[in-house]
Each structure stands twice: as C-alpha cells, then as structure tokens.
file run-v6.pdb (PDB, C-alpha atoms)
ATOM      1  CA  MET K 183     -82.676 105.928  33.137
ATOM      2  CA  PRO K 184     -79.192 107.382  33.582
ATOM      3  CA  ASP K 185     -76.303 105.342  34.981
ATOM      4  CA  VAL K 186     -76.056 107.183  38.297
ATOM      5  CA  ALA K 187     -72.903 105.349  39.404
ATOM      6  CA  ALA K 188     -71.180 106.577  36.220
ATOM      7  CA  ILE K 189     -72.437 110.125  36.805
ATOM      8  CA  LEU K 190     -71.056 110.116  40.352
ATOM      9  CA  SER K 191     -67.759 108.670  39.143
ATOM     10  CA  ARG K 192     -67.354 111.433  36.542
ATOM     11  CA  VAL K 193     -68.313 114.145  39.027
ATOM     12  CA  ARG K 194     -65.822 112.830  41.610
ATOM     13  CA  ALA K 195     -63.078 112.506  38.985
ATOM     14  CA  GLN K 196     -63.406 116.252  38.402
ATOM     15  CA  GLY K 197     -62.954 117.040  42.095
ATOM     16  CA  ALA K 198     -66.606 117.595  42.984
ATOM     17  CA  ASP K 199     -69.114 115.394  44.783
ATOM     18  CA  ILE K 200     -72.837 114.928  45.142
ATOM     19  CA  VAL K 201     -73.940 114.135  48.678
ATOM     20  CA  LEU K 202     -77.236 113.480  50.373
ATOM     21  CA  ALA K 203     -77.548 114.991  53.830
ATOM     22  CA  ASP K 204     -80.704 115.406  55.868
ATOM     23  CA  GLY K 205     -82.757 114.353  52.856
ATOM     24  CA  ARG K 206     -81.295 117.059  50.619
ATOM     25  CA  MET K 207     -78.939 116.565  47.709
ATOM     26  CA  THR K 208     -75.971 118.924  47.647
ATOM     27  CA  LEU K 209     -73.319 119.476  45.005
ATOM     28  CA  ALA K 210     -69.977 120.025  46.747
ATOM     29  CA  GLY K 211     -67.316 121.714  44.642
ATOM     30  CA  GLY K 212     -69.818 122.427  41.889
ATOM     31  CA  ALA K 213     -67.688 125.296  40.568
ATOM     32  CA  LYS K 214     -65.223 122.676  39.269
ATOM     33  CA  LEU K 215     -67.879 121.339  36.891
ATOM     34  CA  SER K 216     -68.927 122.798  33.568
ATOM     35  CA  ILE K 217     -72.293 124.496  33.182
ATOM     36  CA  GLU K 218     -73.414 121.556  31.027
ATOM     37  CA  ALA K 219     -72.420 119.051  33.721
ATOM     38  CA  ARG K 220     -74.332 120.986  36.384
ATOM     39  CA  ALA K 221     -77.373 121.160  34.091
ATOM     40  CA  TYR K 222     -77.166 117.386  33.487
ATOM     41  CA  ILE K 223     -77.038 116.780  37.237
ATOM     42  CA  THR K 224     -80.038 119.049  37.749
ATOM     43  CA  GLU K 225     -81.943 117.224  34.996
ATOM     44  CA  HIS K 226     -81.313 113.848  36.657
ATOM     45  CA  ARG K 227     -81.587 115.095  40.230
ATOM     46  CA  ALA K 228     -84.394 112.710  41.226
ATOM     47  CA  ALA K 229     -82.549 109.602  39.983
ATOM     48  CA  ILE K 230     -79.305 110.682  41.660
ATOM     49  CA  ALA K 231     -81.070 111.431  44.957
ATOM     50  CA  ALA K 232     -82.854 108.054  44.873
ATOM     51  CA  TYR K 233     -79.551 106.259  44.207
ATOM     52  CA  LEU K 234     -77.771 108.100  47.035
ATOM     53  CA  GLN K 235     -80.673 107.410  49.420
ATOM     54  CA  GLU K 236     -80.580 103.711  48.538
ATOM     55  CA  GLN K 237     -76.830 103.607  49.200
ATOM     56  CA  LEU K 238     -77.311 105.406  52.517
ATOM     57  CA  ASP K 239     -80.111 103.023  53.536
ATOM     58  CA  ASP K 240     -77.898 100.041  52.681
ATOM     59  CA  ALA K 241     -75.004 101.484  54.694
ATOM     60  CA  ILE K 242     -77.274 102.114  57.696
ATOM     61  CA  ASP K 243     -78.699  98.576  57.472
ATOM     62  CA  GLU K 244     -75.189  97.120  57.317
ATOM     63  CA  ARG K 245     -73.996  99.210  60.278
ATOM     64  CA  ALA K 246     -77.117  98.223  62.266
ATOM     65  CA  ALA K 247     -76.438  94.550  61.553
ATOM     66  CA  ILE K 248     -72.857  94.953  62.773
ATOM     67  CA  ILE K 249     -74.027  96.682  65.956
ATOM     68  CA  GLU K 250     -76.703  94.045  66.513
ATOM     69  CA  PHE K 251     -74.307  91.146  65.933
ATOM     70  CA  GLU K 252     -71.142  92.509  67.573
ATOM     71  CA  ALA K 253     -72.801  94.308  70.477
ATOM     72  CA  GLY K 254     -75.759  92.005  70.943
ATOM     73  CA  ALA K 255     -78.070  95.015  70.946
ATOM     74  CA  PRO K 256     -81.741  94.647  70.027
ATOM     75  CA  ARG K 257     -82.290  95.369  66.329
ATOM     76  CA  GLU K 258     -84.392  98.467  67.039
ATOM     77  CA  TRP K 259     -81.604  99.978  69.158
ATOM     78  CA  ALA K 260     -79.001  99.052  66.555
ATOM     79  CA  GLU K 261     -81.004 100.729  63.781
ATOM     80  CA  GLN K 262     -81.495 103.925  65.779
ATOM     81  CA  PHE K 263     -77.814 104.082  66.708
ATOM     82  CA  ALA K 264     -76.785 103.412  63.094
ATOM     83  CA  ARG K 265     -78.955 106.350  61.981
ATOM     84  CA  ILE K 266     -77.225 108.565  64.547
ATOM     85  CA  LEU K 267     -73.830 107.454  63.232
ATOM     86  CA  TYR K 268     -74.789 108.610  59.731
ATOM     87  CA  MET K 269     -76.397 111.877  60.801
ATOM     88  CA  ARG K 270     -74.771 115.169  59.969
ATOM     89  CA  ARG K 271     -73.610 117.142  62.964
ATOM     90  CA  PRO K 272     -76.397 119.630  63.780
ATOM     91  CA  ALA K 273     -75.706 123.307  63.177
ATOM     92  CA  GLY K 274     -74.418 125.045  66.276
ATOM     93  CA  VAL K 275     -72.992 121.835  67.766
ATOM     94  CA  SER K 276     -69.207 121.607  67.879
ATOM     95  CA  ASP K 277     -67.318 118.580  66.593
ATOM     96  CA  LEU K 278     -66.228 117.853  70.154
ATOM     97  CA  ASP K 279     -69.798 117.954  71.506
ATOM     98  CA  TRP K 280     -71.134 115.819  68.646
ATOM     99  CA  THR K 281     -68.390 113.232  69.137
ATOM    100  CA  TRP K 282     -69.218 113.176  72.855
ATOM    101  CA  PHE K 283     -72.923 112.672  72.071
ATOM    102  CA  VAL K 284     -72.304 109.829  69.616
ATOM    103  CA  SER K 285     -69.910 108.145  72.062
ATOM    104  CA  LYS K 286     -72.443 108.546  74.872
ATOM    105  CA  CYS K 287     -75.141 106.871  72.743
ATOM    106  CA  GLY K 288     -72.861 103.889  72.219
ATOM    107  CA  ARG K 289     -72.032 103.719  75.906
ATOM    108  CA  ILE K 290     -75.721 103.775  76.820
ATOM    109  CA  ILE K 291     -76.191 100.662  74.683
ATOM    110  CA  ASP K 292     -73.061  99.117  76.247
ATOM    111  CA  ASP K 293     -74.263  99.842  79.773
ATOM    112  CA  ALA K 294     -77.780  98.592  79.083
ATOM    113  CA  MET K 295     -76.482  95.326  77.665
ATOM    114  CA  ASN K 296     -74.102  94.856  80.619
ATOM    115  CA  THR K 297     -76.757  95.787  83.200
ATOM    116  CA  LEU K 298     -79.322  93.469  81.676
ATOM    117  CA  GLY K 299     -76.729  90.741  81.280
ATOM    118  CA  LEU K 300     -77.575  90.472  77.607
ATOM    119  CA  LYS K 301     -74.992  88.825  75.457
ATOM    120  CA  LEU K 302     -74.488  87.347  72.043
ATOM    121  CA  GLY K 303     -73.135  83.837  72.197
ATOM    122  CA  ASN K 304     -70.402  83.888  74.809
ATOM    123  CA  HIS K 305     -69.482  87.526  74.248
ATOM    124  CA  PHE K 306     -70.719  90.412  76.338
ATOM    125  CA  ILE K 307     -70.761  93.805  74.668
ATOM    126  CA  ARG K 308     -67.500  95.669  75.001
ATOM    127  CA  ARG K 309     -66.976  99.351  75.628
ATOM    128  CA  GLY K 310     -65.980 101.495  72.720
ATOM    129  CA  PHE K 311     -65.841 104.971  71.244
ATOM    130  CA  ALA K 312     -67.007 106.911  68.206
ATOM    131  CA  ARG K 313     -64.614 108.020  65.488
ATOM    132  CA  LEU K 314     -64.827 109.534  62.039
ATOM    133  CA  ASP K 315     -64.353 107.101  59.181
ATOM    134  CA  LYS K 316     -62.828 107.938  55.793
ATOM    135  CA  PHE K 317     -66.181 109.306  54.586
ATOM    136  CA  ASN K 318     -66.435 111.732  57.526
ATOM    137  CA  ARG K 319     -69.195 109.667  59.109
ATOM    138  CA  TYR K 320     -69.126 108.425  62.654
ATOM    139  CA  GLU K 321     -68.637 104.762  63.400
ATOM    140  CA  TRP K 322     -68.706 102.874  66.690
ATOM    141  CA  VAL K 323     -65.441 101.138  67.508
ATOM    142  CA  PRO K 324     -65.546  98.529  70.286
ATOM    143  CA  LYS K 325     -62.521  98.589  72.594
TER
END
call {"tool": "encode", "arguments": {"input": "run-v6.pdb", "output": "structure tokens"}}
result
Amino acid sequence: MPDVAAILSRVRAQGADIVLADGRMTLAGGAKLSIEARAYITEHRAAIAAYLQEQLDDAIDERAAIIEFEAGAPREWAEQFARILYMRRPAGVSDLDWTWFVSKCGRIIDDAMNTLGLKLGNHFIRRGFARLDKFNRYEWVPK
C-alpha cells in the first residue's frame, strides 16, 4: 500500500494537486509533473481517492460537530449543512449566487433555532455568513 500522504506532499511540492470533487479525482496542474509521476498517480488512483474521501469525510464530520455544538442545530441539519459547505459550486451558478445560497442555508438554520427557541446551554444561535476558507471551501462564520 503506497504512502498516500507522501504522494500528495510530493505532488504539491511540484506545484500540482490531486483533489476529490463530486466523487471524482482530478489532477490539477498535472502538466507540471513528469510522465512517470502521472503514471504512478494513475496506478495508485484507488488508494489516493480513498484517502482523499476519508479526509473529506473527516472534515465534514468535524464541521458538522462545530455547527451542532456552536449553533445548537440538530445533528442531521448540521451534517447536511456541512456537506453543502464542502460542495463544489454547481456549473452555471455564479460565485455570488452560490455564496448567497450557502449563506441562506445557514440563516435558515439560525431562524429555525431562534423561532423554536432552541439553544445550547445558555447560548442561542447567532446570525452569521458564509465565506471561503484557505482551501476555497465555504465555511459558516457566526457573527
């Protein structure tokens, strides 16, 4: 079994990246890699995809836990919203429209928690907004 973390580190050191989006693995900047490196990646595609999917699942679980704890949202809602935060913007949807949609999803949870009077401890959910993080993924930022 190849050391996938080491493979990704070497690929990124050469200015390329391997990403998993919508269940598909994509090599970004693949022209910067040698033919041998691209062949090695292709040979170990399944292991790399499984590793990236596991990392994505962990990130979504962590984000859902933050939403559940900080916002007091039901776990099911938090998981769905976390998945939306990690989704790629659909084709044909502008950045502005996608940001609006993600922000609206967060506000729906905010409003539902406030309307229902649900809270976590002594803290009611606070309003917030969506923003891009350093990995170009959306995150919910409470105000």
call {"tool": "atom_distance", "arguments": {"input": "run-v6.pdb", "atom1": "atom CA of Ala246 of chain K", "atom2": "atom CA of Glu261 of chain K"}}
result
4.9 Å
call {"tool": "axis_aligned_box", "arguments": {"input": "run-v6.pdb", "around": "segment 285-288 of chain K", "padding_each_side": "4 Å", "output": "JSON"}}
result
{"center_x": -72.5, "center_y": 106.2, "center_z": 73.5, "size_x": 13.2, "size_y": 12.7, "size_z": 10.8}
call {"tool": "residues_around", "arguments": {"input": "run-v6.pdb", "residues": "Gln237 of chain K", "least_positions_apart": "5", "cutoff": "12 Å", "atoms": "all atoms listed in the file", "output": "number ranges by chain"}}
result
K: 186-187, 201-202, 230-232, 242-244, 268
call {"tool": "write_last_selection", "arguments": {"input": "run-v6.pdb", "atoms": "C-alpha atoms", "output": "mmCIF file, keeping the file's coordinate frame"}}
result
data_model
loop_
_atom_site.group_PDB
_atom_site.id
_atom_site.type_symbol
_atom_site.label_atom_id
_atom_site.label_comp_id
_atom_site.auth_asym_id
_atom_site.auth_seq_id
_atom_site.Cartn_x
_atom_site.Cartn_y
_atom_site.Cartn_z
ATOM 1 C CA VAL K 186 -76.056 107.183 38.297
ATOM 2 C CA ALA K 187 -72.903 105.349 39.404
ATOM 3 C CA VAL K 201 -73.940 114.135 48.678
ATOM 4 C CA LEU K 202 -77.236 113.480 50.373
ATOM 5 C CA ILE K 230 -79.305 110.682 41.660
ATOM 6 C CA ALA K 231 -81.070 111.431 44.957
ATOM 7 C CA ALA K 232 -82.854 108.054 44.873
ATOM 8 C CA ILE K 242 -77.274 102.114 57.696
ATOM 9 C CA ASP K 243 -78.699 98.576 57.472
ATOM 10 C CA GLU K 244 -75.189 97.120 57.317
ATOM 11 C CA TYR K 268 -74.789 108.610 59.731
#
call {"tool": "closest_residue", "arguments": {"input": "run-v6.pdb", "among": "K:Leu267, K:Ala294, K:Tyr233, K:Leu215", "to": "Gly254 of chain K", "atoms": "only C-alpha atoms"}}
result
K:Ala294
call {"tool": "residues_near_point", "arguments": {"input": "run-v6.pdb", "point": "(-77.9, 96.1, 67.1)", "cutoff": "12 Å", "atoms": "all atoms listed in the file", "output": "ChimeraX atom specification"}}
result
/K:242-265,288,291-292,295,300-302,307,322
call {"tool": "atom_distance", "arguments": {"input": "run-v6.pdb", "atom1": "atom CA of Ala213 of chain K", "atom2": "atom CA of Arg192 of chain K"}}
result
14.4 Å
call {"tool": "atom_distance", "arguments": {"input": "run-v6.pdb", "atom1": "atom CA of Ala273 of chain K", "atom2": "atom CA of Asp239 of chain K"}}
result
22.9 Å
call {"tool": "closest_residue", "arguments": {"input": "run-v6.pdb", "among": "K:Trp280, K:Ala203, K:Ile266, K:Leu190", "to": "Ala219 of chain K", "atoms": "only C-alpha atoms"}}
result
K:Leu190
